[in-house]
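Student: Below is the structure I would like to discuss, written out as structure tokens.
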Amino acid sequence: MARVVILDYGSGNLRSAERALRRVGADVVVTDDFGAAVDCDGLVVPGVGAFAACMAGLTAVRGQKIIDRRLAGGRPVLGICVGMQILFARGIEHGVETDGCGEWPGTVERLDAPVVPHMGWNTVRAAPGSVLFDGLDADTRFYFVHSYGVRTWELQVGPPMVPPMVTWAHHGCDFVAAAESGPLSATQFHPEKSGDVGAHLLHNWVKGALG
């Protein structure tokens, strides 16, 4: 059974994520304890609300150091919604720019769409070879609630580095719906609110966290 910590830094649907992960067989703890977050099999970084507020909460529990230490050791991290957004270099909301964790280059900005927030079910264009979306049909829908996203993927790599797997969705404009890069994975949508298909994705991630 995978030991999963949901990082409690004052943001996110913690109990929804906890129930969803327990459903797929994980041993789940919700905590801000530094040692537990570093040492577990898999770490989930949730997030709802404003980018700047989430970064402030993450900083307060040394969350960026937790993420850095885990990734340096090849230990899986999954960001969800704003928990995905703060993994990028910066976020811009209402003209205010806030530094993110910088695990991936890129900017979180307002979606260029006639209607925001983007709220409801939407399909994605899963990256070839994706671990998260393995076994899911191309027309599978996931649940989104957001007004901001990463509209341009900026990280360019060449041999011998393996390029990240980037999954896209569309709402007025293309935006990154998920990304996978070694031990670091993230989804803009909410798998914990996406029913059976979200459970399937979380099961894929938990299975990967166990190696």
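By order of appearance in the structure tokens: chains A, B, ..., then residues from 1 within every chain, and ligands from 1 in the order shown.
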Give me, as a PyMOL selection string, all polymer residues having an atom no more than 12 Å from stretch 122-131 of chain A, counting only C-alpha atoms and skipping those fewer than 3 positions away in the same chain.
Tutor: chain A and resi 118-119+134-145+163-171+174-190+194+197+200-209
Student: Produce a file of the selected residues containing N, CA and C atoms, as a compact mmCIF listing (two decimals), in the first residue's frame.
Tutor:
```
# COMPACT_ATOMS: atom_id res chain seq x y z
N HIS A 118 -13.40 28.63 -16.55
CA HIS A 118 -13.64 27.38 -17.27
C HIS A 118 -14.12 26.39 -16.22
N MET A 119 -15.40 26.10 -16.24
CA MET A 119 -16.00 25.27 -15.20
C MET A 119 -16.83 24.17 -15.83
N ASP A 134 -2.87 6.40 -18.97
CA ASP A 134 -2.81 5.05 -19.49
C ASP A 134 -4.14 4.32 -19.25
N GLY A 135 -4.70 3.73 -20.31
CA GLY A 135 -5.94 2.96 -20.18
C GLY A 135 -7.20 3.79 -20.30
N LEU A 136 -7.08 5.10 -20.52
CA LEU A 136 -8.25 5.97 -20.66
C LEU A 136 -8.47 6.31 -22.13
N ASP A 137 -9.73 6.37 -22.53
CA ASP A 137 -10.08 6.66 -23.92
C ASP A 137 -9.79 8.13 -24.26
N ALA A 138 -9.63 8.39 -25.54
CA ALA A 138 -9.31 9.74 -26.00
C ALA A 138 -10.44 10.74 -25.72
N ASP A 139 -11.67 10.27 -25.63
CA ASP A 139 -12.81 11.17 -25.40
C ASP A 139 -13.19 11.28 -23.92
N THR A 140 -12.32 10.80 -23.04
CA THR A 140 -12.57 10.88 -21.61
C THR A 140 -12.63 12.33 -21.16
N ARG A 141 -13.58 12.65 -20.30
CA ARG A 141 -13.75 14.02 -19.81
C ARG A 141 -13.36 14.11 -18.33
N PHE A 142 -12.73 15.24 -18.00
CA PHE A 142 -12.32 15.52 -16.63
C PHE A 142 -12.94 16.84 -16.19
N TYR A 143 -13.00 17.02 -14.86
CA TYR A 143 -13.68 18.20 -14.31
C TYR A 143 -12.70 19.33 -14.03
N PHE A 144 -12.96 20.48 -14.64
CA PHE A 144 -12.11 21.67 -14.50
C PHE A 144 -12.86 22.79 -13.78
N VAL A 145 -12.12 23.55 -12.97
CA VAL A 145 -12.62 24.81 -12.40
C VAL A 145 -11.43 25.75 -12.30
N PRO A 163 12.14 14.56 -22.92
CA PRO A 163 11.20 15.68 -22.82
C PRO A 163 10.00 15.32 -21.97
N PRO A 164 9.45 16.28 -21.23
CA PRO A 164 8.23 16.03 -20.46
C PRO A 164 7.08 15.65 -21.37
N MET A 165 6.11 14.93 -20.82
CA MET A 165 4.89 14.60 -21.54
C MET A 165 3.84 15.65 -21.17
N VAL A 166 3.38 16.39 -22.15
CA VAL A 166 2.47 17.52 -21.92
C VAL A 166 1.12 17.21 -22.55
N THR A 167 0.08 17.29 -21.74
CA THR A 167 -1.31 17.05 -22.18
C THR A 167 -2.02 18.40 -22.26
N TRP A 168 -2.77 18.59 -23.34
CA TRP A 168 -3.43 19.88 -23.58
C TRP A 168 -4.95 19.75 -23.54
N ALA A 169 -5.60 20.87 -23.26
CA ALA A 169 -7.05 20.99 -23.37
C ALA A 169 -7.35 22.34 -24.02
N HIS A 170 -8.62 22.57 -24.34
CA HIS A 170 -9.00 23.81 -25.02
C HIS A 170 -10.24 24.40 -24.39
N HIS A 171 -10.15 25.68 -24.07
CA HIS A 171 -11.32 26.47 -23.66
C HIS A 171 -11.05 27.90 -24.09
N ASP A 174 -5.81 27.06 -26.21
CA ASP A 174 -5.15 25.86 -25.69
C ASP A 174 -4.47 26.19 -24.37
N PHE A 175 -4.47 25.24 -23.45
CA PHE A 175 -3.74 25.38 -22.19
C PHE A 175 -3.28 24.01 -21.74
N VAL A 176 -2.28 24.00 -20.87
CA VAL A 176 -1.72 22.74 -20.37
C VAL A 176 -2.70 22.14 -19.36
N ALA A 177 -3.18 20.94 -19.67
CA ALA A 177 -4.12 20.24 -18.79
C ALA A 177 -3.40 19.30 -17.83
N ALA A 178 -2.20 18.85 -18.21
CA ALA A 178 -1.41 17.97 -17.35
C ALA A 178 0.01 17.94 -17.88
N ALA A 179 0.93 17.60 -16.99
CA ALA A 179 2.33 17.46 -17.39
C ALA A 179 2.97 16.38 -16.54
N GLU A 180 3.89 15.66 -17.15
CA GLU A 180 4.61 14.57 -16.48
C GLU A 180 6.08 14.66 -16.85
N SER A 181 6.93 14.74 -15.84
CA SER A 181 8.37 14.87 -16.06
C SER A 181 9.09 14.10 -14.97
N GLY A 182 9.44 12.85 -15.25
CA GLY A 182 10.07 12.02 -14.22
C GLY A 182 9.14 11.86 -13.03
N PRO A 183 9.63 12.17 -11.81
CA PRO A 183 8.79 12.01 -10.63
C PRO A 183 7.75 13.11 -10.45
N LEU A 184 7.80 14.15 -11.26
CA LEU A 184 6.89 15.29 -11.11
C LEU A 184 5.74 15.18 -12.10
N SER A 185 4.50 15.16 -11.56
CA SER A 185 3.30 15.13 -12.37
C SER A 185 2.33 16.18 -11.86
N ALA A 186 1.43 16.62 -12.74
CA ALA A 186 0.46 17.63 -12.32
C ALA A 186 -0.72 17.63 -13.26
N THR A 187 -1.88 18.00 -12.73
CA THR A 187 -3.09 18.15 -13.53
C THR A 187 -3.76 19.48 -13.22
N GLN A 188 -4.22 20.17 -14.27
CA GLN A 188 -4.99 21.39 -14.07
C GLN A 188 -6.41 21.05 -13.62
N PHE A 189 -6.94 19.96 -14.09
CA PHE A 189 -8.28 19.52 -13.68
C PHE A 189 -8.22 18.85 -12.31
N HIS A 190 -9.39 18.54 -11.78
CA HIS A 190 -9.50 17.91 -10.46
C HIS A 190 -9.80 16.41 -10.63
N SER A 194 -13.53 13.99 -10.55
CA SER A 194 -13.80 13.49 -11.89
C SER A 194 -14.31 12.06 -11.91
N VAL A 197 -13.22 8.15 -13.84
CA VAL A 197 -12.04 8.40 -14.68
C VAL A 197 -10.94 9.08 -13.85
N HIS A 200 -9.31 6.38 -11.89
CA HIS A 200 -8.41 5.62 -12.75
C HIS A 200 -7.06 6.33 -12.85
N LEU A 201 -7.10 7.63 -13.08
CA LEU A 201 -5.86 8.41 -13.19
C LEU A 201 -5.07 8.37 -11.88
N LEU A 202 -5.76 8.55 -10.75
CA LEU A 202 -5.08 8.51 -9.46
C LEU A 202 -4.49 7.12 -9.19
N HIS A 203 -5.20 6.09 -9.60
CA HIS A 203 -4.68 4.73 -9.45
C HIS A 203 -3.39 4.58 -10.25
N ASN A 204 -3.37 5.12 -11.47
CA ASN A 204 -2.15 5.07 -12.27
C ASN A 204 -1.00 5.76 -11.55
N TRP A 205 -1.29 6.92 -10.94
CA TRP A 205 -0.24 7.66 -10.25
C TRP A 205 0.24 6.91 -9.00
N VAL A 206 -0.69 6.40 -8.22
CA VAL A 206 -0.33 5.65 -7.00
C VAL A 206 0.50 4.42 -7.36
N LYS A 207 0.10 3.72 -8.41
CA LYS A 207 0.85 2.56 -8.86
C LYS A 207 2.28 2.94 -9.22
N GLY A 208 2.43 4.10 -9.89
CA GLY A 208 3.75 4.58 -10.23
C GLY A 208 4.56 4.99 -9.01
N ALA A 209 3.88 5.53 -7.99
CA ALA A 209 4.57 5.95 -6.77
C ALA A 209 5.16 4.74 -6.03
```
Student: Give me, as a ChimeraX atom specification, all polymer residues having an atom no more than 10 Å from A:Arg70, counting only C-alpha atoms and skipping those fewer than 2 positions away in the same chain.
Tutor: /A:37-43,64-68,72-77,183-184
Student: Per DSSP on the backbone, what are the strand (DSSP E) residues of chain A, as a ChimeraX atom specification?
Tutor: /A:3-7,27-31,42-45,77-80,88-93,96-99,104-110,118-123,141-146,148-150,165-170,174-181,184-187
Student: Pick from A:Leu58, A:Met1, A:Ala89, A:Ala199: nearest to A:Phe34, with only C-alpha atoms counted?
Tutor: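 Among the listed residues, A:Leu58 lies closest to A:Phe34.
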Student: Please give the complete set of residues from stretch 25-145 of chain A that DSSP, run on the backbone, assigns to alpha helix (DSSP H), formatted as a PyMOL selection string.
Tutor: chain A and resi 34-39+51-60+63-72+82-85
Student: Find the residues around stretch 47-57 of chain A up to 7 Å (only C-alpha atoms counted), leave out those fewer than 2 positions away in its own chain, and share them as number ranges by chain.
Tutor: A: 9-12, 45, 59-61, 80-83, 86, 91, 98, 100
Student: Hey, can you spit out that residue selection with all heavy atoms as a compact mmCIF listing (two decimals), in the first residue's frame?
Tutor:
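Just written: out-v3.txt:
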```txt
# COMPACT_ATOMS: atom_id res chain seq x y z
N TYR A 9 -1.31 23.04 3.39
CA TYR A 9 -0.70 24.37 3.54
C TYR A 9 -1.76 25.47 3.47
O TYR A 9 -1.49 26.60 3.12
CB TYR A 9 0.40 24.58 2.48
CG TYR A 9 -0.08 24.58 1.04
CD1 TYR A 9 -0.27 25.78 0.36
CD2 TYR A 9 -0.31 23.40 0.36
CE1 TYR A 9 -0.68 25.80 -0.95
CE2 TYR A 9 -0.73 23.40 -0.96
CZ TYR A 9 -0.91 24.61 -1.61
OH TYR A 9 -1.33 24.62 -2.92
N GLY A 10 -2.98 25.08 3.82
CA GLY A 10 -4.05 26.05 3.91
C GLY A 10 -4.82 26.27 2.62
O GLY A 10 -5.58 27.23 2.52
N SER A 11 -4.63 25.37 1.63
CA SER A 11 -5.34 25.54 0.36
C SER A 11 -5.64 24.18 -0.23
O SER A 11 -4.83 23.26 -0.15
CB SER A 11 -4.48 26.34 -0.62
OG SER A 11 -5.12 26.44 -1.87
N GLY A 12 -6.82 24.05 -0.82
CA GLY A 12 -7.11 22.82 -1.55
C GLY A 12 -8.26 22.04 -0.97
O GLY A 12 -8.64 22.20 0.20
N VAL A 45 0.15 17.81 -3.87
CA VAL A 45 0.09 19.24 -3.57
C VAL A 45 -1.20 19.78 -4.20
O VAL A 45 -1.26 19.99 -5.41
CB VAL A 45 1.31 19.99 -4.14
CG1 VAL A 45 1.23 21.48 -3.77
CG2 VAL A 45 2.61 19.39 -3.61
N THR A 59 5.00 28.50 1.17
CA THR A 59 6.24 28.99 1.78
C THR A 59 6.19 28.83 3.29
O THR A 59 7.20 28.50 3.93
CB THR A 59 6.46 30.46 1.40
OG1 THR A 59 6.58 30.57 -0.02
CG2 THR A 59 7.72 31.02 2.05
N ALA A 60 5.02 29.05 3.88
CA ALA A 60 4.89 28.98 5.34
C ALA A 60 5.18 27.60 5.90
O ALA A 60 5.61 27.47 7.05
CB ALA A 60 3.49 29.43 5.75
N VAL A 61 4.97 26.55 5.10
CA VAL A 61 5.22 25.18 5.58
C VAL A 61 6.48 24.58 4.93
O VAL A 61 6.70 23.38 4.99
CB VAL A 61 4.00 24.25 5.33
CG1 VAL A 61 2.78 24.78 6.06
CG2 VAL A 61 3.72 24.07 3.85
N ILE A 80 -2.18 19.43 -8.14
CA ILE A 80 -3.56 19.45 -8.63
C ILE A 80 -4.08 20.89 -8.66
O ILE A 80 -4.01 21.60 -7.66
CB ILE A 80 -4.48 18.58 -7.76
CG1 ILE A 80 -4.08 17.10 -7.85
CG2 ILE A 80 -5.94 18.75 -8.18
CD1 ILE A 80 -4.88 16.19 -6.93
N CYS A 81 -4.63 21.31 -9.80
CA CYS A 81 -5.23 22.63 -10.02
C CYS A 81 -4.20 23.73 -9.72
O CYS A 81 -3.16 23.78 -10.37
CB CYS A 81 -6.51 22.79 -9.22
SG CYS A 81 -7.54 24.16 -9.84
N VAL A 82 -4.44 24.61 -8.75
CA VAL A 82 -3.44 25.63 -8.45
C VAL A 82 -2.16 24.98 -7.90
O VAL A 82 -1.08 25.54 -8.02
CB VAL A 82 -3.99 26.69 -7.48
CG1 VAL A 82 -2.97 27.81 -7.26
CG2 VAL A 82 -5.28 27.30 -8.03
N GLY A 83 -2.29 23.78 -7.35
CA GLY A 83 -1.12 23.02 -6.96
C GLY A 83 -0.26 22.63 -8.14
O GLY A 83 0.94 22.38 -8.00
N ILE A 86 1.44 26.45 -9.34
CA ILE A 86 2.56 26.98 -8.56
C ILE A 86 3.86 26.23 -8.83
O ILE A 86 4.93 26.68 -8.39
CB ILE A 86 2.25 26.99 -7.05
CG1 ILE A 86 1.94 25.59 -6.55
CG2 ILE A 86 1.11 27.97 -6.75
CD1 ILE A 86 1.70 25.52 -5.05
N GLY A 91 3.24 33.40 -11.80
CA GLY A 91 1.82 33.56 -12.06
C GLY A 91 1.49 35.03 -12.12
O GLY A 91 2.05 35.84 -11.36
N THR A 98 3.76 36.94 -9.42
CA THR A 98 4.25 36.22 -8.23
C THR A 98 5.14 35.08 -8.68
O THR A 98 4.80 34.34 -9.60
CB THR A 98 3.07 35.65 -7.43
OG1 THR A 98 2.16 36.70 -7.08
CG2 THR A 98 3.55 34.95 -6.15
N GLY A 100 6.67 31.49 -8.71
CA GLY A 100 6.26 30.16 -8.34
C GLY A 100 7.46 29.32 -7.93
O GLY A 100 8.55 29.85 -7.67
```
